[in-house]
>>> print(open('run-v1.csv').read())   # CSV, C-alpha atoms
chain,number,residue,atom,x,y,z
O,213,MET,CA,0.0,0.0,0.0
O,214,THR,CA,1.4,3.4,-0.9
O,215,ALA,CA,1.8,6.3,1.6
O,216,ALA,CA,-0.6,8.4,-0.4
O,217,ARG,CA,-3.3,5.8,-0.2
O,218,ASP,CA,-2.7,5.5,3.6
O,219,GLY,CA,-3.1,9.3,3.9
O,220,ARG,CA,-6.3,9.3,2.0
O,221,ARG,CA,-7.6,6.4,4.1
O,222,GLU,CA,-6.7,8.2,7.3
O,223,ARG,CA,-8.3,11.5,6.2
O,224,GLY,CA,-11.4,9.5,5.3
O,225,SER,CA,-11.5,7.9,8.7
O,226,ARG,CA,-11.1,11.3,10.5
O,227,THR,CA,-13.9,12.7,8.4
O,228,ARG,CA,-16.2,9.8,9.2
O,229,GLU,CA,-15.4,10.3,13.0
O,230,ALA,CA,-16.2,14.1,12.7
O,231,ILE,CA,-19.5,13.3,11.0
O,232,LEU,CA,-20.5,10.7,13.6
O,233,ALA,CA,-19.5,13.0,16.6
O,234,ARG,CA,-21.8,15.6,15.2
O,235,ALA,CA,-24.5,13.0,14.4
O,236,VAL,CA,-24.5,11.7,18.0
O,237,ALA,CA,-25.0,15.2,19.4
O,238,VAL,CA,-27.8,16.1,17.0
O,239,ALA,CA,-29.6,12.7,17.5
O,240,SER,CA,-29.4,13.0,21.3
O,241,GLU,CA,-31.3,16.3,21.2
O,242,GLN,CA,-33.5,16.0,18.1
O,243,GLY,CA,-33.8,12.2,17.8
O,244,LEU,CA,-32.4,9.6,15.4
O,245,GLU,CA,-35.3,10.2,13.0
O,246,GLY,CA,-34.2,13.9,12.9
O,247,LEU,CA,-30.8,13.0,11.5
O,248,SER,CA,-30.7,14.4,8.0
O,249,ILE,CA,-27.7,13.8,5.7
O,250,GLY,CA,-28.4,17.2,4.1
O,251,ALA,CA,-28.6,19.1,7.4
O,252,LEU,CA,-25.5,17.3,8.8
O,253,ALA,CA,-23.5,18.2,5.6
O,254,ASP,CA,-24.5,21.9,6.0
O,255,ASP,CA,-23.5,21.8,9.7
O,256,LEU,CA,-20.1,20.4,8.9
O,257,GLY,CA,-19.5,22.5,5.8
O,258,MET,CA,-19.4,19.4,3.6
O,259,SER,CA,-21.1,18.6,0.4
O,260,LYS,CA,-24.1,16.3,0.6
O,261,SER,CA,-22.4,14.0,-1.9
O,262,GLY,CA,-19.3,13.9,0.3
O,263,LEU,CA,-21.4,12.7,3.2
O,264,PHE,CA,-23.2,10.2,1.0
O,265,ALA,CA,-19.8,8.7,0.2
O,266,HIS,CA,-19.4,7.8,3.9
O,267,PHE,CA,-23.0,6.7,4.6
O,268,GLY,CA,-25.1,5.5,1.7
O,269,ALA,CA,-28.5,5.6,3.3
O,270,LYS,CA,-30.0,7.3,6.3
O,271,GLU,CA,-30.3,4.0,8.1
O,272,ASP,CA,-26.6,3.3,7.7
O,273,LEU,CA,-25.9,6.7,9.3
O,274,GLN,CA,-28.4,6.0,12.1
O,275,LEU,CA,-26.7,2.6,12.8
O,276,ALA,CA,-23.2,4.0,12.8
O,277,THR,CA,-24.4,6.8,15.1
O,278,ILE,CA,-25.8,4.3,17.6
O,279,ASP,CA,-22.5,2.4,17.4
O,280,THR,CA,-20.6,5.6,18.2
O,281,ALA,CA,-22.9,6.4,21.1
O,282,ARG,CA,-22.3,2.8,22.4
O,283,GLN,CA,-18.6,3.4,22.4
O,284,MET,CA,-19.0,6.7,24.2
O,285,PHE,CA,-21.3,5.0,26.8
O,286,VAL,CA,-18.8,2.2,27.3
O,287,ASP,CA,-16.0,4.8,27.8
O,288,ALA,CA,-18.0,6.8,30.3
O,289,VAL,CA,-19.8,4.1,32.3
O,290,ILE,CA,-18.2,0.6,31.7
O,291,ARG,CA,-14.5,1.4,31.4
O,292,PRO,CA,-14.2,3.2,34.8
O,293,VAL,CA,-15.5,0.1,36.7
O,294,ARG,CA,-13.1,-2.4,35.0
O,295,GLY,CA,-11.5,-4.7,37.5
O,296,THR,CA,-14.3,-4.3,40.1
O,297,THR,CA,-16.8,-7.1,40.9
O,298,GLY,CA,-19.9,-7.7,42.9
O,299,LEU,CA,-21.4,-5.0,45.2
O,300,THR,CA,-18.4,-2.7,44.6
O,301,ARG,CA,-19.0,-3.0,40.8
O,302,LEU,CA,-22.8,-2.4,41.2
O,303,ASN,CA,-22.2,0.8,43.2
O,304,ALA,CA,-19.4,1.9,40.8
O,305,LEU,CA,-21.8,1.4,37.8
O,306,ALA,CA,-24.5,3.5,39.4
O,307,ASP,CA,-22.0,6.2,40.3
O,308,ALA,CA,-20.5,6.2,36.8
O,309,PHE,CA,-23.9,6.4,35.3
O,310,VAL,CA,-24.7,9.5,37.4
O,311,VAL,CA,-21.4,11.1,36.3
O,312,TYR,CA,-22.3,10.3,32.7
O,313,LEU,CA,-25.6,12.2,33.1
O,314,ARG,CA,-24.2,15.0,35.2
O,315,ASP,CA,-21.3,15.6,32.7
O,316,ARG,CA,-23.8,15.5,29.8
O,317,ILE,CA,-21.8,13.1,27.7
O,318,PHE,CA,-24.7,13.5,25.3
O,319,PRO,CA,-26.2,17.1,25.2
O,320,GLY,CA,-29.8,15.6,25.2
O,321,GLY,CA,-29.3,13.3,28.1
O,322,CYS,CA,-29.0,9.5,27.9
O,323,PHE,CA,-28.8,8.7,24.2
O,324,PHE,CA,-30.3,5.2,24.6
O,325,ALA,CA,-33.3,6.3,26.7
O,326,ALA,CA,-34.2,8.9,24.1
O,327,ALA,CA,-33.6,6.4,21.2
O,328,ALA,CA,-35.7,3.7,22.9
O,329,THR,CA,-38.7,6.0,23.4
O,330,GLU,CA,-38.4,7.2,19.8
O,331,TYR,CA,-38.1,3.7,18.3
O,332,ASP,CA,-40.2,1.5,20.5
O,333,SER,CA,-43.1,1.7,18.0
O,334,ARG,CA,-40.9,1.5,14.9
O,335,PRO,CA,-39.7,-2.1,14.2
O,336,GLY,CA,-36.5,-2.5,12.2
O,337,PRO,CA,-32.7,-2.6,12.4
O,338,VAL,CA,-32.5,0.8,14.3
O,339,ARG,CA,-34.9,-0.4,17.0
O,340,ASP,CA,-33.0,-3.7,17.2
O,341,ALA,CA,-29.7,-2.0,17.7
O,342,VAL,CA,-31.1,0.3,20.4
O,343,VAL,CA,-32.7,-2.7,22.3
O,344,ALA,CA,-29.4,-4.6,22.1
O,345,ASN,CA,-27.6,-1.8,23.9
O,346,LEU,CA,-30.3,-1.5,26.6
O,347,VAL,CA,-30.2,-5.3,27.1
O,348,ALA,CA,-26.4,-5.1,27.5
O,349,TRP,CA,-26.7,-2.3,30.1
O,350,ARG,CA,-29.4,-4.2,32.1
O,351,GLY,CA,-27.2,-7.3,31.8
O,352,ALA,CA,-24.2,-5.5,33.2
O,353,LEU,CA,-26.2,-4.5,36.3
O,354,ALA,CA,-27.7,-8.1,36.7
O,355,ASP,CA,-24.2,-9.7,36.3
O,356,ALA,CA,-22.9,-7.5,39.1
O,357,VAL,CA,-25.9,-8.5,41.3
O,358,ARG,CA,-25.2,-12.2,40.6
O,359,GLN,CA,-21.5,-11.7,41.5
O,360,ALA,CA,-22.5,-9.9,44.7
O,361,ILE,CA,-24.9,-12.8,45.7
O,362,GLU,CA,-22.1,-15.4,45.0
O,363,ALA,CA,-19.7,-13.4,47.1
O,364,GLY,CA,-22.2,-13.3,49.9
O,365,GLU,CA,-22.5,-9.5,49.7
O,366,LEU,CA,-26.2,-9.7,48.8
O,367,ASP,CA,-28.9,-12.0,50.2
O,368,SER,CA,-29.1,-15.3,48.3
O,369,GLY,CA,-32.9,-14.7,47.9
O,370,THR,CA,-32.2,-11.5,45.8
O,371,ASP,CA,-33.7,-11.6,42.3
O,372,PRO,CA,-30.9,-10.3,40.0
O,373,ALA,CA,-33.4,-9.3,37.2
O,374,GLN,CA,-35.6,-7.4,39.7
O,375,LEU,CA,-32.7,-5.5,41.4
O,376,ALA,CA,-31.2,-4.7,38.0
O,377,PHE,CA,-34.6,-3.4,36.9
O,378,ALA,CA,-35.0,-1.3,40.0
O,379,ILE,CA,-31.5,0.2,39.8
O,380,GLY,CA,-31.8,0.8,36.0
O,381,SER,CA,-35.2,2.4,36.4
O,382,LEU,CA,-34.0,4.7,39.2
O,383,LEU,CA,-31.1,5.8,37.1
O,384,SER,CA,-33.4,6.4,34.0
O,385,GLY,CA,-35.7,8.3,36.3
O,386,ALA,CA,-32.8,10.6,37.3
O,387,ASN,CA,-32.0,11.1,33.6
O,388,ALA,CA,-35.6,12.1,32.8
O,389,ASP,CA,-35.9,14.5,35.8
O,390,TYR,CA,-32.5,16.1,35.1
O,391,GLN,CA,-33.5,16.6,31.4
O,392,LEU,CA,-36.7,18.4,32.5
O,393,THR,CA,-35.6,20.3,35.5
O,394,GLY,CA,-31.8,20.7,35.1
O,395,ASP,CA,-31.6,20.3,38.9
O,396,PRO,CA,-28.8,18.0,40.0
O,397,VAL,CA,-30.5,17.3,43.3
O,398,VAL,CA,-32.2,14.4,41.6
O,399,PHE,CA,-28.9,12.6,41.5
O,400,ASP,CA,-28.8,12.5,45.3
O,401,ILE,CA,-32.4,11.4,45.4
O,402,ALA,CA,-31.7,8.6,43.0
O,403,ARG,CA,-28.6,7.6,44.8
O,404,ARG,CA,-30.5,7.4,48.2
O,405,SER,CA,-33.2,5.3,46.5
O,406,ILE,CA,-30.6,2.9,45.1
O,407,ASP,CA,-28.9,2.7,48.5
O,408,GLN,CA,-32.3,1.7,50.0
O,409,GLN,CA,-32.8,-1.0,47.4
O,410,LEU,CA,-29.3,-2.4,48.1
O,411,ALA,CA,-29.9,-2.2,51.9
O,412,LEU,CA,-33.0,-4.3,51.5
O,413,ALA,CA,-30.9,-7.0,49.7
O,414,THR,CA,-27.9,-6.8,52.0
O,415,VAL,CA,-27.3,-9.8,54.2
K,299,MET,CA,-79.7,30.3,19.5
K,300,THR,CA,-81.4,28.4,16.8
K,301,ALA,CA,-81.7,24.6,16.6
K,302,ALA,CA,-79.7,24.6,13.3
K,303,ARG,CA,-76.8,26.5,14.9
K,304,ASP,CA,-76.8,24.1,17.9
K,305,GLY,CA,-76.6,21.2,15.4
K,306,ARG,CA,-73.6,22.8,13.6
K,307,ARG,CA,-71.9,23.5,16.9
K,308,GLU,CA,-72.4,19.9,18.1
K,309,ARG,CA,-71.2,18.4,14.8
K,310,GLY,CA,-68.1,20.7,15.0
K,311,SER,CA,-67.4,19.5,18.6
K,312,ARG,CA,-67.7,15.9,17.5
K,313,THR,CA,-65.3,16.4,14.6
K,314,ARG,CA,-62.9,18.1,16.9
K,315,GLU,CA,-63.0,15.1,19.3
K,316,ALA,CA,-62.5,12.7,16.4
K,317,ILE,CA,-59.5,14.6,15.2
K,318,LEU,CA,-58.0,14.7,18.7
K,319,ALA,CA,-58.6,11.0,19.4
K,320,ARG,CA,-56.7,10.2,16.2
K,321,ALA,CA,-54.0,12.8,17.0
K,322,VAL,CA,-53.3,11.3,20.5
K,323,ALA,CA,-52.9,7.8,19.0
K,324,VAL,CA,-50.5,9.0,16.2
K,325,ALA,CA,-48.5,11.2,18.6
K,326,SER,CA,-48.1,8.3,21.2
K,327,GLU,CA,-46.4,6.2,18.5
K,328,GLN,CA,-44.7,8.7,16.2
K,329,GLY,CA,-44.2,11.7,18.5
K,330,LEU,CA,-45.9,15.1,18.8
K,331,GLU,CA,-43.4,16.4,16.3
K,332,GLY,CA,-44.7,13.8,13.9
K,333,LEU,CA,-48.3,15.2,14.0
K,334,SER,CA,-49.0,16.7,10.6
K,335,ILE,CA,-52.3,18.4,9.8
K,336,GLY,CA,-52.0,17.1,6.2
K,337,ALA,CA,-51.5,13.5,7.3
K,338,LEU,CA,-54.2,13.6,9.9
K,339,ALA,CA,-56.7,15.1,7.4
K,340,ASP,CA,-55.8,12.2,5.0
K,341,ASP,CA,-56.3,9.7,7.8
K,342,LEU,CA,-59.7,11.0,8.7
K,343,GLY,CA,-60.9,11.6,5.2
K,344,MET,CA,-61.2,15.3,5.8
K,345,SER,CA,-59.9,18.3,3.8
K,346,LYS,CA,-56.7,20.0,5.1
K,347,SER,CA,-58.7,23.3,5.2
K,348,GLY,CA,-61.4,21.6,7.3
K,349,LEU,CA,-58.8,20.5,9.8
K,350,PHE,CA,-57.2,24.0,9.7
K,351,ALA,CA,-60.6,25.4,10.7
K,352,HIS,CA,-60.3,23.5,14.0
K,353,PHE,CA,-56.6,24.0,14.7
K,354,GLY,CA,-55.0,27.0,13.1
K,355,ALA,CA,-51.3,26.1,13.7
K,356,LYS,CA,-49.5,22.9,14.4
K,357,GLU,CA,-48.7,24.0,17.9
K,358,ASP,CA,-52.4,24.5,18.7
K,359,LEU,CA,-53.0,21.0,17.5
K,360,GLN,CA,-50.1,19.7,19.7
K,361,LEU,CA,-51.4,21.6,22.8
K,362,ALA,CA,-55.0,20.3,22.3
K,363,THR,CA,-53.6,16.8,21.8
K,364,ILE,CA,-51.7,17.0,25.1
K,365,ASP,CA,-54.9,18.2,26.8
K,366,THR,CA,-56.8,15.3,25.4
K,367,ALA,CA,-54.1,12.9,26.6
K,368,ARG,CA,-54.3,14.5,30.1
K,369,GLN,CA,-58.0,13.8,30.2
K,370,MET,CA,-57.5,10.2,29.2
K,371,PHE,CA,-54.7,9.8,31.8
K,372,VAL,CA,-57.0,11.3,34.5
K,373,ASP,CA,-59.8,9.0,33.5
K,374,ALA,CA,-57.5,5.9,33.6
K,375,VAL,CA,-55.3,6.6,36.6
K,376,ILE,CA,-56.7,9.3,38.8
K,377,ARG,CA,-60.5,8.8,38.6
K,378,PRO,CA,-60.4,5.1,39.8
K,379,VAL,CA,-58.6,6.1,43.1
K,380,ARG,CA,-61.1,8.9,44.0
K,381,GLY,CA,-62.1,8.8,47.6
K,382,THR,CA,-59.0,6.9,48.7
K,383,THR,CA,-56.2,8.4,50.9
K,384,GLY,CA,-52.8,7.7,52.2
K,385,LEU,CA,-51.2,4.3,51.7
K,386,THR,CA,-54.3,2.9,50.1
K,387,ARG,CA,-54.3,5.7,47.6
K,388,LEU,CA,-50.6,5.3,46.9
K,389,ASN,CA,-51.0,1.6,46.2
K,390,ALA,CA,-54.2,2.3,44.1
K,391,LEU,CA,-52.3,4.9,42.0
K,392,ALA,CA,-49.5,2.4,41.3
K,393,ASP,CA,-52.0,-0.4,40.4
K,394,ALA,CA,-54.1,2.0,38.2
K,395,PHE,CA,-50.9,3.1,36.4
K,396,VAL,CA,-50.0,-0.5,35.7
K,397,VAL,CA,-53.5,-1.2,34.3
K,398,TYR,CA,-53.1,2.0,32.2
K,399,LEU,CA,-49.9,0.6,30.7
K,400,ARG,CA,-51.2,-3.0,30.3
K,401,ASP,CA,-54.4,-1.9,28.6
K,402,ARG,CA,-52.4,0.3,26.2
K,403,ILE,CA,-54.6,3.4,26.8
K,404,PHE,CA,-52.2,4.9,24.3
K,405,PRO,CA,-50.9,2.6,21.6
K,406,GLY,CA,-47.3,3.8,22.0
K,407,GLY,CA,-47.2,3.4,25.8
K,408,CYS,CA,-47.3,6.3,28.3
K,409,PHE,CA,-48.0,9.4,26.3
K,410,PHE,CA,-46.2,11.8,28.7
K,411,ALA,CA,-43.0,9.7,29.0
K,412,ALA,CA,-42.7,9.7,25.2
K,413,ALA,CA,-43.5,13.4,25.0
K,414,ALA,CA,-41.1,14.3,27.7
K,415,THR,CA,-38.2,12.6,26.0
K,416,GLU,CA,-39.2,14.1,22.7
K,417,TYR,CA,-39.4,17.7,24.0
K,418,ASP,CA,-36.8,17.8,26.8
K,419,SER,CA,-34.4,19.6,24.5
K,420,ARG,CA,-37.1,21.8,22.8
K,421,PRO,CA,-38.1,24.8,24.9
K,422,GLY,CA,-41.6,26.3,24.3
K,423,PRO,CA,-45.3,25.9,25.1
K,424,VAL,CA,-45.4,22.2,24.2
K,425,ARG,CA,-42.5,21.3,26.5
K,426,ASP,CA,-44.2,23.5,29.3
K,427,ALA,CA,-47.5,21.6,28.9
K,428,VAL,CA,-45.8,18.2,29.0
K,429,VAL,CA,-43.7,19.2,32.1
K,430,ALA,CA,-46.9,20.5,33.9
K,431,ASN,CA,-48.5,17.1,33.5
K,432,LEU,CA,-45.5,15.2,34.8
K,433,VAL,CA,-45.2,17.6,37.7
K,434,ALA,CA,-48.9,16.9,38.5
K,435,TRP,CA,-48.5,13.1,38.4
K,436,ARG,CA,-45.4,13.3,40.6
K,437,GLY,CA,-47.3,15.6,42.9
K,438,ALA,CA,-50.2,13.2,43.1
K,439,LEU,CA,-47.8,10.4,44.3
K,440,ALA,CA,-46.1,12.8,46.8
K,441,ASP,CA,-49.4,14.0,48.2
K,442,ALA,CA,-50.5,10.4,48.9
K,443,VAL,CA,-47.1,9.8,50.6
K,444,ARG,CA,-47.7,12.9,52.8
K,445,GLN,CA,-51.2,11.6,53.7
K,446,ALA,CA,-49.8,8.2,54.6
K,447,ILE,CA,-47.1,9.8,56.9
K,448,GLU,CA,-49.8,12.0,58.6
K,449,ALA,CA,-52.0,8.9,59.1
K,450,GLY,CA,-49.1,7.1,60.7
K,451,GLU,CA,-49.0,4.5,57.9
K,452,LEU,CA,-45.5,5.5,56.7
K,453,ASP,CA,-42.5,6.4,58.9
K,454,SER,CA,-42.3,10.1,59.8
K,455,GLY,CA,-38.8,10.1,58.5
K,456,THR,CA,-40.0,9.3,55.0
K,457,ASP,CA,-39.1,11.9,52.3
K,458,PRO,CA,-42.2,12.3,50.2
K,459,ALA,CA,-40.3,13.7,47.2
K,460,GLN,CA,-37.9,10.7,47.3
K,461,LEU,CA,-40.5,8.0,47.6
K,462,ALA,CA,-42.6,9.7,44.9
K,463,PHE,CA,-39.5,9.8,42.7
K,464,ALA,CA,-38.8,6.1,43.3
K,465,ILE,CA,-42.3,4.9,42.7
K,466,GLY,CA,-42.7,7.1,39.6
K,467,SER,CA,-39.3,5.9,38.2
K,468,LEU,CA,-40.2,2.2,38.8
K,469,LEU,CA,-43.5,2.7,37.0
K,470,SER,CA,-41.8,4.6,34.1
K,471,GLY,CA,-39.3,1.7,34.0
K,472,ALA,CA,-42.1,-0.7,33.6
K,473,ASN,CA,-43.5,1.4,30.7
K,474,ALA,CA,-40.1,1.5,28.9
K,475,ASP,CA,-39.5,-2.3,29.3
K,476,TYR,CA,-43.1,-3.2,28.2
K,477,GLN,CA,-42.8,-1.0,25.1
K,478,LEU,CA,-39.5,-2.8,24.2
K,479,THR,CA,-40.3,-6.4,25.1
K,480,GLY,CA,-44.1,-6.6,25.2
K,481,ASP,CA,-43.7,-9.0,28.2
K,482,PRO,CA,-46.1,-8.2,31.0
K,483,VAL,CA,-43.8,-9.9,33.5
K,484,VAL,CA,-42.3,-6.5,34.1
K,485,PHE,CA,-45.5,-5.3,35.8
K,486,ASP,CA,-45.0,-7.9,38.5
K,487,ILE,CA,-41.3,-7.0,38.8
K,488,ALA,CA,-42.1,-3.3,39.1
K,489,ARG,CA,-44.9,-4.0,41.6
K,490,ARG,CA,-42.5,-6.1,43.8
K,491,SER,CA,-39.9,-3.3,43.7
K,492,ILE,CA,-42.6,-0.7,44.7
K,493,ASP,CA,-43.7,-3.0,47.6
K,494,GLN,CA,-40.1,-3.2,48.8
K,495,GLN,CA,-39.8,0.6,48.7
K,496,LEU,CA,-43.0,0.9,50.7
K,497,ALA,CA,-41.9,-1.8,53.1
K,498,LEU,CA,-38.8,0.2,53.9
K,499,ALA,CA,-40.9,3.2,54.7
K,500,THR,CA,-43.5,1.3,56.7
K,501,VAL,CA,-43.6,1.9,60.4
>>> encode(input="run-v1.csv", output="structure tokens")
Amino acid sequence: MTAARDGRRERGSRTREAILARAVAVASEQGLEGLSIGALADDLGMSKSGLFAHFGAKEDLQLATIDTARQMFVDAVIRPVRGTTGLTRLNALADAFVVYLRDRIFPGGCFFAAAATEYDSRPGPVRDAVVANLVAWRGALADAVRQAIEAGELDSGTDPAQLAFAIGSLLSGANADYQLTGDPVVFDIARRSIDQQLALATV
Amino acid sequence: MTAARDGRRERGSRTREAILARAVAVASEQGLEGLSIGALADDLGMSKSGLFAHFGAKEDLQLATIDTARQMFVDAVIRPVRGTTGLTRLNALADAFVVYLRDRIFPGGCFFAAAATEYDSRPGPVRDAVVANLVAWRGALADAVRQAIEAGELDSGTDPAQLAFAIGSLLSGANADYQLTGDPVVFDIARRSIDQQLALATV
């Protein structure tokens, strides 16, 4: 491969990243359905045909946007808790999620909560990709609950699916409230509610 | 007033109701932003100008749609608990909300959860109307908690805002899960999580 071809490929990859960074921000505020190749091209000072060269159809752009959002979510919430297990991991996941909301990693709040509401009545590959991400997040919470039970940190009668549902719902509730009120007090309220749920399940 | 004028007025009111019933269903699945006077007119076999006679601008239609959804929510969730107070009322509100989700009063799930996510980044009268309804629902839960504390049914140290947040978030979580999975088991999971929150606050 020639150096010139390498250079073109690298520039192309940087352009693709710039498009997706902008697409994630737009979609988090205006929805994935609101992503328009024309409007994005205007925004980035690119030609519409230039953008089409990277993403043939709107659905390709939407799926690539979801994948970029997934990577950003993993960097913000999953990566910081690496190496932890059980109850420590469960608490660290909840704390990292609150930081992810407070720091507005996505300007419109949790990307996946917004995408789920937008696509829950629209079957297809976009909905499937959103659901897969939400299932993975719920699974990460439930796995930590299972580890905590095995380690004897949580009561053996604890239902991992139920506790993961409760913690996930309280965190989503914090996202919804924060998006509507902008008042970070909801993070303390959610954290106390999560602590209560954990106290109930603690041996 | 003549009988003929009465008849015209009544027909006009019935037409308005038919338009709004359809608008609520469309908005719950496709979003309030997806409400189009043209598409609604097609749907109902009306002329676009006929629909414009009832709702001048798209925002008027959106606000009237939210008000219709509010009435439907009140009929489904608030009216059934009339006459109850305190802990009985709190449990009845949670049960009525689950029935409201299970019976799909709105085809796209909870109308206000969807509208909140859609409008949280779009300031204006539509967002204000959605927020007012969510504040009223949260307030109904918190009022019942306060009554239960005063009646000695819940511990005096209970924070009404926090318990209302927790119950509201668990019910919203059930809505989100049900919309994505269609599996009613989440209603039992949510109910058990709510019972746990209440058990913690019970004297």
>>> atom_distance(input="run-v1.csv", atom1="atom CA of K:Ala323", atom2="atom CA of K:Phe404")
6.1 Å
>>> closest_residue(input="run-v1.csv", among="O:Gln359, O:Ser240, O:Thr329, O:Asn303", to="O:Leu383", atoms="only C-alpha atoms")
O:Asn303
>>> interface_residues(input="run-v1.csv", of="chain O", to="chain K", cutoff="6 Å", atoms="all atoms listed in the file", output="ChimeraX atom specification")
/O:241,326,329,332-333,374,381-382,385,391-392,401
>>> atom_distance(input="run-v1.csv", atom1="atom CA of K:Leu452", atom2="atom CA of K:Val397")
24.7 Å
>>> residues_around(input="run-v1.csv", residues="stretch 391-395 of chain K", least_positions_apart="4", cutoff="8 Å", atoms="only C-alpha atoms", output="compact mmCIF listing (two decimals) with C-alpha atoms, keeping the file's coordinate frame")
# COMPACT_ATOMS: atom_id res chain seq x y z
CA ALA K 374 -57.50 5.90 33.60
CA VAL K 375 -55.30 6.60 36.60
CA ILE K 376 -56.70 9.30 38.80
CA PRO K 378 -60.40 5.10 39.80
CA VAL K 379 -58.60 6.10 43.10
CA ARG K 387 -54.30 5.70 47.60
CA LEU K 399 -49.90 0.60 30.70
CA LEU K 439 -47.80 10.40 44.30
CA ILE K 465 -42.30 4.90 42.70
CA LEU K 469 -43.50 2.70 37.00
CA ARG K 489 -44.90 -4.00 41.60
>>> atom_distance(input="run-v1.csv", atom1="atom CA of O:Met284", atom2="atom CA of O:Leu247")
18.4 Å
>>> residues_around(input="run-v1.csv", residues="O:Glu365", least_positions_apart="3", cutoff="8 Å", atoms="all atoms listed in the file", output="PDB file with C-alpha atoms, in the coordinates of the input")
ATOM      1  CA  GLY O 298     -19.900  -7.700  42.900  1.00  0.00           C
ATOM      2  CA  LEU O 299     -21.400  -5.000  45.200  1.00  0.00           C
ATOM      3  CA  ALA O 360     -22.500  -9.900  44.700  1.00  0.00           C
ATOM      4  CA  ILE O 361     -24.900 -12.800  45.700  1.00  0.00           C
ATOM      5  CA  GLU O 362     -22.100 -15.400  45.000  1.00  0.00           C
ATOM      6  CA  THR O 414     -27.900  -6.800  52.000  1.00  0.00           C
ATOM      7  CA  VAL O 415     -27.300  -9.800  54.200  1.00  0.00           C
TER       8      VAL O 415
END
>>> residues_around(input="run-v1.csv", residues="O:Glu271", least_positions_apart="6", cutoff="12 Å", atoms="all atoms listed in the file", output="list in words")
Leu244, Glu245, Gly246, Leu247, Ser248, Ile249, Phe264, Thr277, Ile278, Gly336, Pro337, Val338, Arg339 and Ala341 of chain O
>>> write_last_selection(input="run-v1.csv", atoms="C-alpha atoms", output="compact mmCIF listing (two decimals), keeping the file's coordinate frame")
# COMPACT_ATOMS: atom_id res chain seq x y z
CA LEU O 244 -32.40 9.60 15.40
CA GLU O 245 -35.30 10.20 13.00
CA GLY O 246 -34.20 13.90 12.90
CA LEU O 247 -30.80 13.00 11.50
CA SER O 248 -30.70 14.40 8.00
CA ILE O 249 -27.70 13.80 5.70
CA PHE O 264 -23.20 10.20 1.00
CA THR O 277 -24.40 6.80 15.10
CA ILE O 278 -25.80 4.30 17.60
CA GLY O 336 -36.50 -2.50 12.20
CA PRO O 337 -32.70 -2.60 12.40
CA VAL O 338 -32.50 0.80 14.30
CA ARG O 339 -34.90 -0.40 17.00
CA ALA O 341 -29.70 -2.00 17.70
>>> closest_residue(input="run-v1.csv", among="K:Gly336, K:Gly437, K:Gly310, K:Gly381", to="K:Ala355", atoms="all atoms listed in the file")
K:Gly336
>>> closest_residue(input="run-v1.csv", among="O:Ala253, O:Leu263, O:Leu273, O:Ala216", to="O:Ala239", atoms="all atoms listed in the file")
O:Leu273
>>> closest_residue(input="run-v1.csv", among="K:Ala316, K:Asp365, K:Ala442, K:Asn431", to="K:Ala390", atoms="only C-alpha atoms")
K:Ala442
